[in-house]
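Dumped coords-v5.cif below, it's mmCIF, C-alpha atoms:
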```cif
data_entry
loop_
_atom_site.label_atom_id
_atom_site.label_comp_id
_atom_site.auth_asym_id
_atom_site.auth_seq_id
_atom_site.Cartn_x
_atom_site.Cartn_y
_atom_site.Cartn_z
CA MET A 1285 188.00 -176.14 163.42
CA SER A 1286 190.01 -173.22 162.03
CA LYS A 1287 193.78 -173.47 162.22
CA SER A 1288 196.04 -170.85 163.76
CA SER A 1289 197.53 -168.08 161.65
CA ARG A 1290 200.98 -169.66 161.93
CA ASN A 1291 199.76 -173.06 160.73
CA ARG A 1292 200.67 -173.16 157.03
CA THR A 1293 199.68 -176.78 156.38
CA LEU A 1294 198.20 -177.08 152.91
CA SER A 1295 194.46 -177.75 152.92
CA LEU A 1296 191.75 -178.27 150.32
CA THR A 1297 188.16 -177.06 150.10
CA PRO A 1298 185.49 -179.48 148.83
CA GLN A 1299 185.33 -177.42 145.65
CA GLU A 1300 189.09 -177.76 145.12
CA CYS A 1301 188.92 -181.51 145.71
CA TYR A 1302 186.28 -181.86 143.02
CA ALA A 1303 188.13 -179.64 140.56
CA TYR A 1304 191.44 -181.44 141.01
CA GLN A 1305 189.81 -184.85 140.65
CA GLN A 1306 188.87 -183.89 137.09
CA ARG A 1307 192.59 -183.71 136.29
CA PHE A 1308 193.50 -187.20 137.44
CA SER A 1309 194.68 -189.61 134.77
CA ARG A 1310 193.77 -193.29 134.53
CA ILE A 1311 195.27 -196.06 132.43
CA GLY A 1312 193.12 -198.71 130.76
CA GLY A 1313 195.72 -200.24 128.49
CA PRO A 1314 199.28 -199.84 127.20
CA VAL A 1315 200.42 -196.21 126.98
CA ASP A 1316 203.45 -194.38 125.65
CA CYS A 1317 205.58 -192.04 127.71
CA GLU A 1318 204.31 -188.81 126.14
CA THR A 1319 200.73 -189.67 127.07
CA ILE A 1320 201.36 -189.82 130.81
CA GLU A 1321 204.33 -187.52 131.40
CA ASN A 1322 203.56 -184.59 133.70
CA HIS A 1323 200.46 -186.43 134.91
CA ILE A 1324 199.33 -187.98 138.17
CA ILE A 1325 197.74 -191.40 137.67
CA GLN A 1326 195.13 -192.08 140.35
CA GLN A 1327 195.11 -195.87 140.41
CA ASP A 1328 196.41 -198.87 142.27
CA LEU A 1329 199.95 -199.55 141.04
CA PHE A 1330 199.09 -203.22 140.45
CA GLU A 1331 196.34 -202.18 137.99
CA VAL A 1332 198.79 -200.42 135.69
CA LEU A 1333 202.08 -202.30 136.09
CA ASP A 1334 201.77 -204.22 132.82
CA TRP A 1335 200.75 -201.15 130.81
CA LEU A 1336 203.57 -198.74 131.69
CA PRO A 1337 205.94 -197.73 128.84
CA GLU A 1338 209.38 -199.30 128.71
CA SER A 1339 212.85 -197.68 128.75
CA CYS A 1340 211.76 -194.06 129.17
CA VAL A 1341 212.49 -193.14 132.81
CA ASP A 1342 215.75 -191.37 133.75
CA LEU A 1343 215.26 -191.46 137.51
CA MET A 1344 212.89 -193.49 139.67
CA VAL A 1345 212.26 -192.55 143.30
CA VAL A 1346 210.34 -195.21 145.20
CA ASP A 1347 208.89 -194.58 148.65
CA PRO A 1348 206.69 -197.64 149.28
CA PRO A 1349 204.79 -198.39 152.48
CA TYR A 1350 207.34 -199.52 155.04
CA ASN A 1351 207.09 -202.84 156.82
CA LEU A 1352 204.98 -201.55 159.70
CA SER A 1353 201.33 -201.17 160.61
CA LYS A 1354 200.02 -197.84 159.36
CA SER A 1355 196.90 -196.29 157.86
CA PHE A 1356 196.87 -193.98 154.84
CA ASN A 1357 193.27 -192.73 154.91
CA SER A 1358 191.29 -195.81 153.81
CA ILE A 1359 194.40 -197.87 152.93
CA LYS A 1360 195.85 -199.96 155.75
CA PHE A 1361 199.16 -201.84 155.94
CA ARG A 1362 200.28 -204.33 158.54
CA GLU A 1363 203.76 -205.32 159.59
CA SER A 1364 204.82 -208.69 158.19
CA SER A 1365 207.86 -210.93 158.31
CA LEU A 1366 210.96 -209.86 156.42
CA ASP A 1367 210.44 -212.71 153.96
CA ASP A 1368 206.84 -211.67 153.30
CA TYR A 1369 207.88 -208.06 152.77
CA ALA A 1370 210.57 -209.20 150.33
CA GLY A 1371 207.93 -211.25 148.53
CA TRP A 1372 205.72 -208.17 148.24
CA LEU A 1373 208.62 -206.19 146.72
CA GLU A 1374 209.11 -208.99 144.18
CA LEU A 1375 205.52 -208.56 142.99
CA TRP A 1376 206.09 -205.08 141.55
CA LEU A 1377 209.74 -204.00 141.53
CA PRO A 1378 210.92 -206.13 138.56
CA LYS A 1379 208.06 -204.80 136.43
CA LEU A 1380 208.91 -201.20 137.33
CA ILE A 1381 212.52 -201.76 136.30
CA ARG A 1382 211.31 -202.30 132.72
CA THR A 1383 210.40 -198.58 132.60
CA LEU A 1384 214.02 -197.50 133.15
CA LYS A 1385 216.56 -196.35 130.61
CA PRO A 1386 219.95 -198.14 130.63
CA THR A 1387 221.46 -195.01 132.22
CA ALA A 1388 218.77 -194.63 134.90
CA SER A 1389 219.18 -194.46 138.66
CA VAL A 1390 216.83 -195.71 141.37
CA TYR A 1391 216.43 -194.50 144.95
CA LEU A 1392 214.39 -196.83 147.16
CA CYS A 1393 213.31 -195.66 150.62
CA GLY A 1394 212.88 -197.76 153.73
CA ASP A 1395 213.35 -197.97 157.47
CA TRP A 1396 215.22 -200.49 159.60
CA ARG A 1397 212.34 -202.99 159.34
CA SER A 1398 212.37 -203.00 155.53
CA SER A 1399 215.92 -201.99 154.60
CA ALA A 1400 217.38 -205.50 154.51
CA ALA A 1401 214.62 -206.76 152.21
CA ILE A 1402 215.07 -203.77 149.89
CA HIS A 1403 218.80 -204.43 149.58
CA LEU A 1404 218.25 -208.14 148.97
CA VAL A 1405 215.48 -207.83 146.37
CA ALA A 1406 216.59 -204.74 144.43
CA GLY A 1407 220.18 -205.98 144.40
CA LYS A 1408 219.07 -208.94 142.30
CA TYR A 1409 218.02 -206.66 139.43
CA LEU A 1410 220.10 -203.50 139.86
CA ILE A 1411 223.64 -202.47 140.78
CA THR A 1412 223.86 -201.38 144.42
CA ARG A 1413 225.78 -198.11 144.75
CA ASN A 1414 225.21 -196.89 148.29
CA ARG A 1415 222.88 -196.62 151.26
CA ILE A 1416 222.00 -193.13 152.46
CA THR A 1417 220.92 -192.77 156.07
CA TRP A 1418 219.06 -189.59 156.94
CA GLU A 1419 218.10 -188.22 160.32
CA ARG A 1420 214.37 -187.95 160.86
CA GLU A 1421 214.35 -185.76 163.94
CA LYS A 1422 210.67 -186.31 164.64
CA GLY A 1423 209.62 -189.29 166.72
CA ARG A 1424 208.68 -190.43 170.19
CA GLY A 1425 211.14 -191.71 172.71
CA ALA A 1426 211.14 -195.39 173.69
CA LYS A 1427 211.45 -196.77 177.22
CA SER A 1428 212.87 -200.17 176.30
CA ASN A 1429 214.59 -199.51 172.97
CA TRP A 1430 216.62 -196.91 171.10
CA LYS A 1431 214.53 -194.07 169.69
CA ASN A 1432 213.98 -194.59 165.96
CA CYS A 1433 215.05 -191.36 164.24
CA SER A 1434 216.62 -192.43 160.96
CA GLU A 1435 215.58 -193.84 157.61
CA ASP A 1436 217.46 -195.35 154.68
CA ILE A 1437 217.51 -194.58 150.97
CA TRP A 1438 219.17 -197.25 148.82
CA PHE A 1439 220.91 -195.98 145.68
CA PHE A 1440 220.90 -198.31 142.68
CA THR A 1441 221.71 -197.94 138.98
CA VAL A 1442 220.74 -200.00 135.96
CA SER A 1443 224.30 -200.05 134.59
CA ASP A 1444 227.76 -198.60 135.12
CA GLU A 1445 226.80 -195.63 132.94
CA TYR A 1446 224.74 -193.27 135.07
CA ILE A 1447 224.40 -189.63 136.12
CA PHE A 1448 225.86 -188.22 139.31
CA ASN A 1449 226.15 -184.42 139.48
CA VAL A 1450 228.32 -184.08 142.55
CA GLU A 1451 228.83 -180.32 142.20
CA GLN A 1452 225.08 -179.73 142.37
CA VAL A 1453 224.58 -181.46 145.71
CA LYS A 1454 227.39 -180.15 147.86
CA LEU A 1455 226.45 -178.97 151.34
CA LYS A 1456 227.28 -175.48 152.61
CA ARG A 1457 228.26 -175.66 156.27
CA ARG A 1458 229.34 -173.20 158.91
CA VAL A 1459 233.00 -173.21 159.88
CA MET A 1460 233.31 -172.68 163.60
CA ALA A 1461 237.12 -172.98 163.86
CA PRO A 1462 238.38 -171.77 160.48
CA TYR A 1463 241.97 -172.54 159.51
CA THR A 1464 244.08 -169.93 157.70
CA ASN A 1465 247.61 -169.86 156.39
CA GLU A 1466 250.32 -167.54 157.70
CA GLU A 1467 248.97 -164.68 155.60
CA GLY A 1468 245.50 -165.10 157.10
CA VAL A 1469 244.00 -166.49 153.88
CA PRO A 1470 241.16 -168.99 154.45
CA LYS A 1471 241.93 -172.58 153.53
CA ASP A 1472 239.01 -174.40 151.83
CA TRP A 1473 236.40 -172.00 153.24
CA ASP A 1474 234.97 -168.56 152.50
CA ARG A 1475 234.78 -165.57 154.80
CA THR A 1476 231.60 -163.51 154.23
CA LYS A 1477 229.83 -160.72 156.08
CA ASN A 1478 227.20 -163.29 157.11
CA GLY A 1479 229.62 -165.87 158.45
CA ASN A 1480 232.26 -168.39 157.49
CA TYR A 1481 231.22 -171.28 155.25
CA ARG A 1482 232.66 -174.30 153.53
CA LEU A 1483 231.24 -176.35 150.65
CA THR A 1484 231.57 -180.04 151.51
CA HIS A 1485 231.15 -183.13 149.37
CA PRO A 1486 227.84 -184.94 149.86
CA SER A 1487 228.06 -188.01 152.07
CA ASN A 1488 225.68 -190.89 152.70
CA LEU A 1489 224.79 -189.51 156.16
CA TRP A 1490 222.28 -186.66 156.00
CA THR A 1491 221.67 -184.60 159.14
CA ASP A 1492 220.51 -181.40 157.45
CA LEU A 1493 216.85 -182.25 156.74
CA THR A 1494 213.73 -180.99 158.47
CA VAL A 1495 210.64 -183.20 158.30
CA PRO A 1496 207.69 -181.01 157.21
CA PHE A 1497 205.61 -179.70 160.10
CA TRP A 1498 202.68 -177.32 160.60
CA SER A 1499 204.52 -174.01 160.12
CA MET A 1500 206.06 -175.03 156.77
CA PRO A 1501 204.06 -174.33 153.57
CA GLU A 1502 205.09 -177.69 152.09
CA ASN A 1503 203.42 -179.55 154.95
CA THR A 1504 200.35 -181.68 154.15
CA GLU A 1505 198.11 -184.19 155.90
CA HIS A 1506 200.15 -187.12 154.60
CA PRO A 1507 201.53 -189.11 157.59
CA THR A 1508 204.91 -190.01 156.05
CA GLN A 1509 205.67 -187.00 153.85
CA LYS A 1510 209.30 -186.58 152.77
CA PRO A 1511 210.97 -183.12 152.80
CA GLU A 1512 211.26 -181.32 149.47
CA LYS A 1513 214.93 -180.79 150.24
CA LEU A 1514 215.48 -184.56 150.36
CA LEU A 1515 213.92 -185.06 146.92
CA ALA A 1516 215.85 -182.09 145.54
CA LYS A 1517 219.12 -183.79 146.48
CA LEU A 1518 218.16 -187.01 144.71
CA ILE A 1519 216.82 -185.28 141.62
CA LEU A 1520 219.73 -182.86 141.20
CA ALA A 1521 222.30 -185.59 141.79
CA SER A 1522 220.86 -188.16 139.40
CA SER A 1523 219.10 -186.34 136.56
CA HIS A 1524 219.47 -183.45 134.14
CA PRO A 1525 216.94 -180.70 133.33
CA GLY A 1526 214.26 -182.12 131.06
CA ASP A 1527 214.77 -185.70 132.29
CA LEU A 1528 211.83 -187.85 133.35
CA VAL A 1529 211.38 -188.63 137.05
CA PHE A 1530 208.97 -191.41 138.05
CA ASP A 1531 207.44 -192.03 141.48
CA PRO A 1532 205.11 -195.07 141.64
CA PHE A 1533 204.02 -194.34 145.26
CA LEU A 1534 203.54 -190.60 144.91
CA GLY A 1535 201.74 -189.86 148.18
CA SER A 1536 201.18 -186.12 148.57
CA GLY A 1537 203.23 -185.38 145.45
CA THR A 1538 206.61 -184.26 146.75
CA THR A 1539 208.63 -185.99 144.02
CA ALA A 1540 206.50 -184.51 141.23
CA VAL A 1541 206.49 -181.05 142.81
CA VAL A 1542 210.27 -180.91 143.24
CA ALA A 1543 210.82 -182.34 139.76
CA LYS A 1544 208.67 -179.52 138.37
CA LYS A 1545 210.48 -176.87 140.43
CA LEU A 1546 213.83 -178.14 139.11
CA GLY A 1547 212.80 -178.28 135.44
CA ARG A 1548 212.27 -182.02 135.12
CA ARG A 1549 209.30 -183.96 133.75
CA TYR A 1550 207.45 -186.31 136.05
CA ILE A 1551 205.05 -189.25 136.29
CA GLY A 1552 203.36 -190.13 139.55
CA ILE A 1553 201.07 -192.99 140.57
CA GLU A 1554 198.98 -192.76 143.73
CA ILE A 1555 195.90 -194.75 144.75
CA ASP A 1556 194.44 -192.29 147.27
CA PRO A 1557 192.28 -189.56 145.63
CA LEU A 1558 192.78 -187.07 148.48
CA PHE A 1559 196.55 -187.27 148.27
CA CYS A 1560 196.31 -186.96 144.46
CA ALA A 1561 194.27 -183.78 144.89
CA ILE A 1562 196.81 -182.41 147.36
CA ALA A 1563 199.57 -183.19 144.88
CA GLU A 1564 197.72 -181.37 142.10
CA LYS A 1565 197.32 -178.27 144.27
CA ARG A 1566 201.02 -178.37 145.17
CA LEU A 1567 201.88 -178.57 141.47
CA ASP A 1568 199.73 -175.50 140.84
CA LEU A 1569 201.48 -173.62 143.64
CA ALA A 1570 204.87 -174.59 142.17
CA GLU A 1571 204.01 -172.56 139.09
CA LYS A 1572 204.52 -169.38 141.12
CA ASP A 1573 206.83 -170.50 143.91
CA THR A 1574 209.84 -172.65 143.04
CA THR A 1575 211.62 -172.23 146.38
CA ILE A 1576 212.79 -175.30 148.28
CA GLN A 1577 213.39 -174.99 152.02
CA GLY A 1578 217.11 -175.37 152.75
CA TYR A 1579 218.17 -174.96 149.10
CA SER A 1580 219.15 -171.47 147.99
CA GLN A 1581 221.57 -169.85 145.52
CA GLY A 1582 222.11 -173.26 143.93
CA VAL A 1583 223.44 -174.69 147.22
CA PHE A 1584 222.13 -177.00 149.95
CA TRP A 1585 222.62 -175.38 153.35
CA GLU A 1586 223.23 -177.04 156.68
CA ARG A 1587 220.07 -177.08 158.79
CA ASN A 1588 219.23 -173.67 160.31
CA THR A 1589 222.21 -172.06 158.57
CA LEU A 1590 220.16 -169.79 156.31
CA ALA A 1591 218.32 -168.37 159.31
CA ASP A 1592 221.61 -167.91 161.13
CA GLN A 1593 222.81 -165.53 158.41
CA LYS A 1594 220.46 -162.91 159.83
CA THR A 1595 221.51 -163.33 163.47
CA SER A 1596 225.04 -164.66 163.36
CA THR A 1597 227.04 -161.60 164.40
CA LYS A 1598 228.33 -163.17 167.62
CA THR A 1599 229.15 -166.43 165.86
CA ASN A 1600 231.07 -164.55 163.18
CA GLN A 1601 233.05 -162.65 165.76
CA ARG A 1602 233.97 -165.86 167.61
CA ALA A 1603 234.95 -167.61 164.38
CA ASN A 1604 237.09 -164.69 163.24
CA LYS A 1605 238.92 -164.65 166.57
CA LEU A 1606 239.63 -168.36 166.25
CA SER A 1607 241.03 -167.87 162.76
CA LEU A 1608 243.74 -165.61 164.21
CA PHE A 1609 245.18 -168.58 166.08
CA ASN A 1610 245.46 -170.85 163.00
CA ALA A 1611 243.10 -173.36 164.61
CA ASP A 1612 242.74 -176.82 163.12
CA PRO A 1613 239.75 -177.13 160.79
CA GLU A 1614 236.60 -178.10 162.65
CA GLU A 1615 233.06 -177.82 161.38
CA ASP A 1616 229.87 -177.41 163.36
CA ALA A 1617 227.64 -180.40 162.71
CA SER A 1618 224.63 -179.27 164.69
#
```
As structure tokens, how would this structure be written, given the file I've shared?
Amino acid sequence: MSKSSRNRTLSLTPQECYAYQQRFSRIGGPVDCETIENHIIQQDLFEVLDWLPESCVDLMVVDPPYNLSKSFNSIKFRESSLDDYAGWLELWLPKLIRTLKPTASVYLCGDWRSSAAIHLVAGKYLITRNRITWEREKGRGAKSNWKNCSEDIWFFTVSDEYIFNVEQVKLKRRVMAPYTNEEGVPKDWDRTKNGNYRLTHPSNLWTDLTVPFWSMPENTEHPTQKPEKLLAKLILASSHPGDLVFDPFLGSGTTAVVAKKLGRRYIGIEIDPLFCAIAEKRLDLAEKDTTIQGYSQGVFWERNTLADQKTSTKTNQRANKLSLFNADPEEDAS
């Protein structure tokens, strides 16, 4: 069935699948970092754990299967007890930590079913820095429970010496009630022809992300794909250009793609050949298009704010009127 003209979901022809499969890497023994950097390794993580190079990774982003029943093409996972899920984490996480430099950071994703186990297990081997909660606005309502529309990302470091580029991950937000001094000069915000904006420090509550869907060119067939904007925040905050970013559960390739767009090196491991092929195509497309939805002019923008620049005349007029009354600072968080 052909898709509509507005459906921009990435797809592959059989010929593309075959061609991309020729690029997959496989490991049959110990390897050094240079051999596998900027490669996707199409294998089960447990096959290669003991052969990965040590002390070479600057940033590791881990998005493992959550503790719920879900199918990823031919791979199926079933929800287990919290203790069993923690035991599964213990099977591979300590071995992955050997790949990290002393200055490395780790971001480990989970949902409410797996978050406690992640904190417990990873906290035994790494220093816990924070827990990010991000709004996943997709999801079905529940009749006998609260709708599940958030996920967690645990932030860990190997040591007390680590990278955090706070200036690169500030959020640009609209100012709906801008405060000015007696001379009418904006306080901590900028007045522009497209609206009034303030750069805010990044917090551990993220409400500015859009989960990829059919009209977005980054969208794929992967059922739990993360937004490129989310990975861009992690990569810009906790690595420098040229650093090595490692994702041992690569999925459709978002971590590798964003690392490439931002001038980092990458290593990805993914067992599913279709998702590996999708990732390879996305990496090819990143050669020509380095844009990241919601990230522009070196700034992360509040959700829908970039679009509002084109149609925000009435909003600007209202905000400018409010500024005449020296209103208390208040930001729109929609």
* Result set, the PyMOL selection byres ((chain A and resi 1314) around 9) on current file, as a ChimeraX atom specification -> /A:1311-1313,1315-1316,1332,1334-1337
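Of the residues under consideration (A:Leu1518, A:Leu1455, A:Cys1317, A:Val1541), A:Leu1455 shows the shortest atom-to-atom contact distance to Glu1586 of chain A when counting only C-alpha atoms.
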* Write out as a list in words each polymer residue whose atoms come within 12 Å of Pro1496 of chain A, counting all atoms listed in the file; drop sequence neighbours fewer than 5 positions from it. => Asn1291, Arg1292, Thr1293, Leu1294, Arg1420, Glu1421, Lys1422, Pro1501, Glu1502, Asn1503, Thr1504, Glu1505, His1506, Pro1507, Thr1508, Gln1509, Lys1510, Pro1511, Glu1512, Lys1513, Leu1514, Ser1536, Thr1538, Ile1576, Gln1577 and Gly1578 of chain A
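Once the PyMOL selection byres ((chain A and resi 1433) around 9) is applied to this file, the selection holds Trp1418, Glu1419, Arg1420, Glu1421, Lys1422, Gly1423, Arg1424, Trp1430, Lys1431, Asn1432, Ser1434 and Glu1435 of chain A.
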* Interatomic distance between atom CA of Arg1310 of chain A and atom CA of Val1341 of chain A? -> 18.8 Å
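With distances taken over all atoms listed in the file, A:Ala1516 is the one residue among A:Ala1563, A:Leu1384, A:Ala1516, A:Ala1543 lying closest to Gln1452 of chain A.
For the pair atom CA of Thr1484 of chain A and atom CA of Tyr1391 of chain A, the separation is 21.9 Å.
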* atom CA of Cys1560 of chain A to atom CA of Gln1326 of chain A: how many Å, to one decimal? -> 6.7 Å
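Proximity of A:Glu1321, A:Asp1556, A:Asp1444, A:Asp1492 to Ala1540 of chain A, computed with all atoms listed in the file, is greatest for A:Glu1321.
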* Structure fact -> From the list A:Asp1342, A:Ala1561, A:Leu1534, A:Trp1473, the nearest residue to Ala1521 of chain A using only C-alpha atoms is A:Asp1342
Would you write out, as a PDB file with C-alpha atoms, in the frame of the given file, every residue that the PyMOL selection byres ((chain A and resi 1389) around 10) captures in this file?
```pdb
ATOM      1  CA  VAL A1341     212.490-193.140 132.810  1.00  0.00           C
ATOM      2  CA  ASP A1342     215.750-191.370 133.750  1.00  0.00           C
ATOM      3  CA  LEU A1343     215.260-191.460 137.510  1.00  0.00           C
ATOM      4  CA  MET A1344     212.890-193.490 139.670  1.00  0.00           C
ATOM      5  CA  VAL A1345     212.260-192.550 143.300  1.00  0.00           C
ATOM      6  CA  LEU A1384     214.020-197.500 133.150  1.00  0.00           C
ATOM      7  CA  LYS A1385     216.560-196.350 130.610  1.00  0.00           C
ATOM      8  CA  PRO A1386     219.950-198.140 130.630  1.00  0.00           C
ATOM      9  CA  THR A1387     221.460-195.010 132.220  1.00  0.00           C
ATOM     10  CA  ALA A1388     218.770-194.630 134.900  1.00  0.00           C
ATOM     11  CA  VAL A1390     216.830-195.710 141.370  1.00  0.00           C
ATOM     12  CA  TYR A1391     216.430-194.500 144.950  1.00  0.00           C
ATOM     13  CA  LEU A1410     220.100-203.500 139.860  1.00  0.00           C
ATOM     14  CA  ILE A1411     223.640-202.470 140.780  1.00  0.00           C
ATOM     15  CA  ARG A1413     225.780-198.110 144.750  1.00  0.00           C
ATOM     16  CA  PHE A1439     220.910-195.980 145.680  1.00  0.00           C
ATOM     17  CA  PHE A1440     220.900-198.310 142.680  1.00  0.00           C
ATOM     18  CA  THR A1441     221.710-197.940 138.980  1.00  0.00           C
ATOM     19  CA  VAL A1442     220.740-200.000 135.960  1.00  0.00           C
ATOM     20  CA  SER A1443     224.300-200.050 134.590  1.00  0.00           C
ATOM     21  CA  GLU A1445     226.800-195.630 132.940  1.00  0.00           C
ATOM     22  CA  TYR A1446     224.740-193.270 135.070  1.00  0.00           C
ATOM     23  CA  ILE A1447     224.400-189.630 136.120  1.00  0.00           C
ATOM     24  CA  PHE A1448     225.860-188.220 139.310  1.00  0.00           C
ATOM     25  CA  LEU A1518     218.160-187.010 144.710  1.00  0.00           C
ATOM     26  CA  ILE A1519     216.820-185.280 141.620  1.00  0.00           C
ATOM     27  CA  ALA A1521     222.300-185.590 141.790  1.00  0.00           C
ATOM     28  CA  SER A1522     220.860-188.160 139.400  1.00  0.00           C
ATOM     29  CA  SER A1523     219.100-186.340 136.560  1.00  0.00           C
ATOM     30  CA  VAL A1529     211.380-188.630 137.050  1.00  0.00           C
TER      31      VAL A1529
END
```
Neighbouring residues of Phe1533 of chain A were defined as those with any atom within 6 Å, considering all atoms listed in the file; residues of the same chain fewer than 4 positions away were excluded. Please report them as an mmCIF file with C-alpha atoms, in the frame of the given file.
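Written file, part-v9.cif:
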```cif
data_model
loop_
_atom_site.group_PDB
_atom_site.id
_atom_site.type_symbol
_atom_site.label_atom_id
_atom_site.label_comp_id
_atom_site.auth_asym_id
_atom_site.auth_seq_id
_atom_site.Cartn_x
_atom_site.Cartn_y
_atom_site.Cartn_z
ATOM 1 C CA ASP A 1347 208.890 -194.580 148.650
ATOM 2 C CA PRO A 1348 206.690 -197.640 149.280
ATOM 3 C CA ILE A 1553 201.070 -192.990 140.570
ATOM 4 C CA GLU A 1554 198.980 -192.760 143.730
#
```
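Counting all atoms listed in the file, the residue from A:Ser1499, A:Ser1364, A:Asn1414, A:Ser1339 that sits nearest to Lys1379 of chain A is A:Ser1339.
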* To do: Write out as a PyMOL selection string each polymer residue whose atoms come within 7 Å of Cys1393 of chain A, counting only C-alpha atoms; drop sequence neighbours fewer than 3 positions from it.
  => chain A and resi 1346-1347+1436-1438
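Take the candidates A:Trp1376, A:Phe1559, A:Trp1585, A:Tyr1409 and check each one against Phe1308 of chain A using all atoms listed in the file; the shortest distance goes to A:Phe1559.
If you count only C-alpha atoms and draw a sphere of 9 Å around (201.8, -183.0, 138.9), the protein and nucleic acid residues inside it come out as Asn1322, His1323, Ile1324, Gly1537, Ala1540, Val1541, Lys1544, Tyr1550, Ile1551, Gly1552, Cys1560, Ala1563, Glu1564, Lys1565, Arg1566, Leu1567 and Asp1568 of chain A.
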Keeping C-alpha atoms, export the residues of the selection given above as an mmCIF file, in the frame of the given file.
```
data_model
loop_
_atom_site.group_PDB
_atom_site.id
_atom_site.type_symbol
_atom_site.label_atom_id
_atom_site.label_comp_id
_atom_site.auth_asym_id
_atom_site.auth_seq_id
_atom_site.Cartn_x
_atom_site.Cartn_y
_atom_site.Cartn_z
ATOM 1 C CA ASN A 1322 203.560 -184.590 133.700
ATOM 2 C CA HIS A 1323 200.460 -186.430 134.910
ATOM 3 C CA ILE A 1324 199.330 -187.980 138.170
ATOM 4 C CA GLY A 1537 203.230 -185.380 145.450
ATOM 5 C CA ALA A 1540 206.500 -184.510 141.230
ATOM 6 C CA VAL A 1541 206.490 -181.050 142.810
ATOM 7 C CA LYS A 1544 208.670 -179.520 138.370
ATOM 8 C CA TYR A 1550 207.450 -186.310 136.050
ATOM 9 C CA ILE A 1551 205.050 -189.250 136.290
ATOM 10 C CA GLY A 1552 203.360 -190.130 139.550
ATOM 11 C CA CYS A 1560 196.310 -186.960 144.460
ATOM 12 C CA ALA A 1563 199.570 -183.190 144.880
ATOM 13 C CA GLU A 1564 197.720 -181.370 142.100
ATOM 14 C CA LYS A 1565 197.320 -178.270 144.270
ATOM 15 C CA ARG A 1566 201.020 -178.370 145.170
ATOM 16 C CA LEU A 1567 201.880 -178.570 141.470
ATOM 17 C CA ASP A 1568 199.730 -175.500 140.840
#
```
